[in-house]
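Q: The structure's right below; bear with me while I get my questions together.
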Amino acid sequence: MIKVDVNKCLGCFSCSNVCPSQNITRTETPETRSVHWKKCKEECDLCVEFCPAKALTLVPFDEGSPETTVTYDLMACKICGERYATEPMLKRIESSLPENLQKDSTGLDWIWICPVCRRNIEAERATKQMVLGRTRKSP
Amino acid sequence: MPVYVDISRCIGCRSCEVACKRVHGGKGHVNVHMAGDHASVPVFCHHCEEATCTMACFTGALYKDGERTAFDVEKCTGCGLCRLACPFGVVWSDKIAHKCDLCAGRETPTCILSCPANALSTDFELASRRARTRAAMAAAHGGRR
C-alpha cells in the first residue's frame with residue numbers, strides 16, 4: 001500500500017501517470033487539481049520510484065487506514081490571472097534553478113508567469129525593433 | 001543548432017506550426033504569435049545552453065546532447081516540471097512532455113523546409129547577412145530599405 005507524505009507532494013501527477021493499475025486517480029478543474037490514492041495491494045513501486053519529491057513509501061496493506069486525497073488550488077499567473085500550476089511545483093522549480101536564471105534580462109520573475117504569457121513576452125521582445133521600424137513614418 | 005528566425009521575413013502563415021504538428025503526431029512544438037498588425041514570429045525551443053528544463057527534469061529525460069536539448073520519452077513520467085521550468089513557455093506536457101527535437105531522424109527540421117517565406121534556418125548569421133545585403137542595396141540604389 002502507498003503511504004503519502006502530503007507535505008512533500010507537489011501535485012504533479014507523475015505517480016498517476018506511471019501507475020499501471022489506475023490506482024492513483026486525478027481530478028482537474030480550472031482552479032484546482034486533486035490526486036487520489038486508492039488502497040492498493042499491488043507489489044509494485046513504480047510510483048515510489050518516479051515521485052520527484054520522494055513523497056511516497058510502500059507500507060504493509062491495512063484495511064482500516066483511510067484513502068488519501070490531496071487537493072491543490074492552482075496558482076494564478078501574475079500577468080493574465082489564468083491558473084496554471086500548483087504552488088509546490090513552482091517552488092520546486094525555484095529551488096532547482098540557479099538564481100541568475102530565475103529572472104529574464106528585464107528582471108522579470110518568469111516562474112510565476114504562465115507559459116502562454118511567457119511566449120507572448122518572448123514574441124514581443126523578438127519583434128519589438130522590427131515593429132518600431134515598420135510603424136515609423138517614411139521621411 | 002537551434003532553428004533561427006529571420007523575423008523580417010515571417011508572414012505569420014503558421015506553416016511551421018502545422019508542419020511540426022504533422023511530423024509529431026499532432027503534438028506540435030511551435031507557436032506563431034502575432035505582434036499587433038505589424039509582425040509575427042514563431043516561438044519555439046531555443047535549445048538553451050543552460051537549459052532550465054533539463055535542470056528541473058528529475059529523471060534525466062531531458063538532457064543536453066551537444067547543442068541540442070534532447071528528450072528521451074522512455075524516461076519521462078509526465079510530471080510537467082519542464083513545462084513550468086521553460087522561460088519561453090515552449091515545452092508542454094500531457095501524460096508525457098512535448099518539446100522540439102529538431103526533427104530527430106530528419107536531415108533538416110520540417111519547419112525550415114515548410115516555411116514559404118524562407119524565414120527559418122539553422123544558420124545564426126543568415127538574418128544579419130540578409131540585413132546587411134539589404135542595407136548595401138539600399139545604399140547603392142538610394143531610397144528606403
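Ligands are numbered from 1 in the order shown, residues from 1 within each chain, and chains are lettered A, B, ... in the order they appear in the C-alpha cells.
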Find the nearest atom pair between each residue of chain A and chain B for residues within 10 Å, count only C-alpha atoms, give distances in Å to one decimal, sort rows by chain and ascending number, and present the table as a Markdown table.
A:
| residue | atom | partner | partner_atom | distance |
| --- | --- | --- | --- | --- |
| A:Leu10 | CA | B:Cys79 | CA | 9.4 |
| A:Gly11 | CA | B:Cys79 | CA | 8.7 |
| A:Cys12 | CA | B:Cys79 | CA | 5.0 |
| A:Phe13 | CA | B:Cys79 | CA | 5.7 |
| A:Ser14 | CA | B:Cys79 | CA | 4.4 |
| A:Cys15 | CA | B:Thr77 | CA | 7.9 |
| A:Ser16 | CA | B:Thr77 | CA | 9.1 |
| A:Asn17 | CA | B:Lys95 | CA | 6.3 |
| A:Val18 | CA | B:Thr77 | CA | 6.3 |
| A:Cys47 | CA | B:Thr77 | CA | 9.6 |
| A:Glu49 | CA | B:Thr59 | CA | 10.0 |
| A:Phe50 | CA | B:Thr77 | CA | 7.0 |
| A:Cys51 | CA | B:Cys79 | CA | 8.6 |
| A:Pro52 | CA | B:Phe58 | CA | 6.1 |
| A:Ala53 | CA | B:Phe58 | CA | 9.3 |
| A:Tyr84 | CA | B:Leu84 | CA | 9.0 |
| A:Ala85 | CA | B:Leu84 | CA | 7.8 |
| A:Met89 | CA | B:Leu81 | CA | 6.9 |
| A:Leu90 | CA | B:Leu84 | CA | 7.0 |
| A:Arg92 | CA | B:Ala56 | CA | 8.2 |
| A:Ile93 | CA | B:Ala85 | CA | 6.1 |
| A:Glu94 | CA | B:Ala85 | CA | 8.6 |
| A:Ser95 | CA | B:Ala56 | CA | 9.2 |
| A:Ser96 | CA | B:Ala56 | CA | 6.0 |
| A:Leu97 | CA | B:Met55 | CA | 6.6 |
| A:Pro98 | CA | B:Thr52 | CA | 8.9 |
| A:Leu101 | CA | B:Thr52 | CA | 7.8 |
| A:Gln102 | CA | B:Pro87 | CA | 8.5 |
| A:Lys103 | CA | B:Pro87 | CA | 8.9 |
| A:Asp104 | CA | B:Pro87 | CA | 8.0 |
| A:Asp109 | CA | B:Pro87 | CA | 9.6 |
| A:Trp110 | CA | B:Pro87 | CA | 6.3 |
| A:Ile111 | CA | B:Leu84 | CA | 6.9 |
| A:Trp112 | CA | B:Leu84 | CA | 9.0 |
| A:Ile113 | CA | B:Leu84 | CA | 9.1 |
| A:Cys114 | CA | B:Gly89 | CA | 7.6 |
| A:Pro115 | CA | B:Gly89 | CA | 4.0 |
| A:Val116 | CA | B:Gly89 | CA | 6.3 |
| A:Cys117 | CA | B:Gly89 | CA | 7.8 |
| A:Arg118 | CA | B:Phe88 | CA | 5.2 |
| A:Arg119 | CA | B:Phe88 | CA | 5.3 |
| A:Asn120 | CA | B:His33 | CA | 7.0 |
| A:Ile121 | CA | B:Phe88 | CA | 8.2 |
| A:Glu122 | CA | B:Phe88 | CA | 6.3 |
| A:Ala123 | CA | B:His33 | CA | 6.2 |
| A:Glu124 | CA | B:Ala35 | CA | 6.3 |
| A:Arg125 | CA | B:Ala35 | CA | 9.7 |
| A:Ala126 | CA | B:Val41 | CA | 7.6 |
| A:Thr127 | CA | B:Ala39 | CA | 6.6 |
| A:Lys128 | CA | B:Ala35 | CA | 8.3 |
| A:Met130 | CA | B:Ser8 | CA | 7.0 |
| A:Val131 | CA | B:His38 | CA | 5.8 |
| A:Leu132 | CA | B:His38 | CA | 9.1 |
| A:Gly133 | CA | B:His38 | CA | 9.7 |
| A:Arg134 | CA | B:His38 | CA | 6.9 |
| A:Thr135 | CA | B:His38 | CA | 7.6 |
| A:Ser138 | CA | B:Arg144 | CA | 8.1 |
| A:Pro139 | CA | B:Arg144 | CA | 9.0 |
Q: So that I can see what lies close to Tyr72 of chain A, please list as a PyMOL selection string the residues with an atom at most 12 Å from it, counting only C-alpha atoms and leaving out residues fewer than 3 positions away in the same chain.
A: chain A and resi 6-7+9-13+26-36+69+75+83-89
Q: For the helix (DSSP H, G or I) assignment from backbone DSSP, which residues of chain A qualify? Please present them as a ChimeraX atom specification.
A: /A:14-18,46-49,87-96,99-101,110-112,115-135
Q: When you look at Lys27 of chain B with a cut-off of 10 Å (counting only C-alpha atoms), what residues show up, excluding the ones that are within fewer than 3 positions of it in the same chain? I need them as a PDB file with C-alpha atoms, in the first residue's frame.
A:
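Saved result, around18.pdb, follows:
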ATOM      1  CA  VAL B  18       1.228  22.843 -38.950  1.00  0.00           C
ATOM      2  CA  CYS B  20       5.586  20.483 -36.762  1.00  0.00           C
ATOM      3  CA  LYS B  21       2.264  19.005 -35.694  1.00  0.00           C
ATOM      4  CA  ARG B  22       2.190  16.797 -38.760  1.00  0.00           C
ATOM      5  CA  VAL B  23       5.537  15.127 -38.099  1.00  0.00           C
ATOM      6  CA  HIS B  24       4.979  14.866 -34.328  1.00  0.00           C
ATOM      7  CA  VAL B  30       5.836  25.740 -32.465  1.00  0.00           C
ATOM      8  CA  TRP B  92       4.409  21.389 -22.647  1.00  0.00           C
ATOM      9  CA  SER B  93       3.124  18.114 -21.296  1.00  0.00           C
ATOM     10  CA  ASP B  94       0.045  15.986 -21.168  1.00  0.00           C
ATOM     11  CA  ALA B  97       6.463  16.066 -22.255  1.00  0.00           C
ATOM     12  CA  HIS B  98       6.470  17.547 -25.750  1.00  0.00           C
ATOM     13  CA  LYS B  99       9.336  19.654 -26.985  1.00  0.00           C
TER      14      LYS B  99
END
Q: DSSP says strand (DSSP E or B) for which residues of segment 2-107 of chain B? Put them as a JSON list (two decimals) with C-alpha atoms, in the first residue's frame?
A:
[["chain", "number", "residue", "atom", "x", "y", "z"],
["B", 4, "TYR", "CA", 16.74, 30.68, -36.09],
["B", 5, "VAL", "CA", 14.11, 33.08, -37.38],
["B", 31, "ASN", "CA", 3.53, 28.65, -31.64],
["B", 32, "VAL", "CA", 3.24, 31.52, -34.07],
["B", 33, "HIS", "CA", 2.49, 34.76, -32.25],
["B", 34, "MET", "CA", 1.26, 37.99, -33.77],
["B", 35, "ALA", "CA", 2.66, 41.30, -32.61],
["B", 39, "ALA", "CA", 4.75, 41.45, -37.20],
["B", 40, "SER", "CA", 4.55, 37.77, -36.42],
["B", 41, "VAL", "CA", 7.08, 35.35, -35.07],
["B", 42, "PRO", "CA", 7.17, 31.63, -34.35],
["B", 43, "VAL", "CA", 8.16, 31.00, -30.74],
["B", 62, "LEU", "CA", 15.58, 15.99, -20.80],
["B", 63, "TYR", "CA", 19.31, 16.34, -21.31],
["B", 64, "LYS", "CA", 21.88, 18.30, -23.26],
["B", 65, "ASP", "CA", 23.21, 16.45, -26.30],
["B", 68, "ARG", "CA", 20.63, 20.15, -28.80],
["B", 69, "THR", "CA", 18.35, 19.88, -25.77],
["B", 70, "ALA", "CA", 17.23, 16.30, -26.27],
["B", 71, "PHE", "CA", 14.34, 14.33, -24.88],
["B", 92, "TRP", "CA", 4.41, 21.39, -22.65],
["B", 93, "SER", "CA", 3.12, 18.11, -21.30],
["B", 97, "ALA", "CA", 6.46, 16.07, -22.26],
["B", 98, "HIS", "CA", 6.47, 17.55, -25.75]]
Q: Taking into account only C-alpha atoms, which residue in the set A:Gly81, A:Asp5, A:Leu74, A:Thr68 is nearest to Ile24 of chain A?
A: A:Thr68
Q: Which one of B:Gly28, B:Gly105, B:Gly66, B:Gly60 sits closest to Cys16 of chain B if you count only C-alpha atoms?
A: B:Gly28
Q: Could you please determine the separation between atom CA of Glu125 of chain B and atom CA of Leu108 of chain A in Å, to one decimal place?
A: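 Calculated distance between atom CA of Glu125 of chain B and atom CA of Leu108 of chain A is 28.3 Å.
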Q: Calculate how many Å separate atom CA of Val70 of chain A from atom CA of Asn23 of chain A, rounding to one decimal.
A: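 Straight-line distance from atom CA of Val70 of chain A to atom CA of Asn23 of chain A works out to 14.4 Å.
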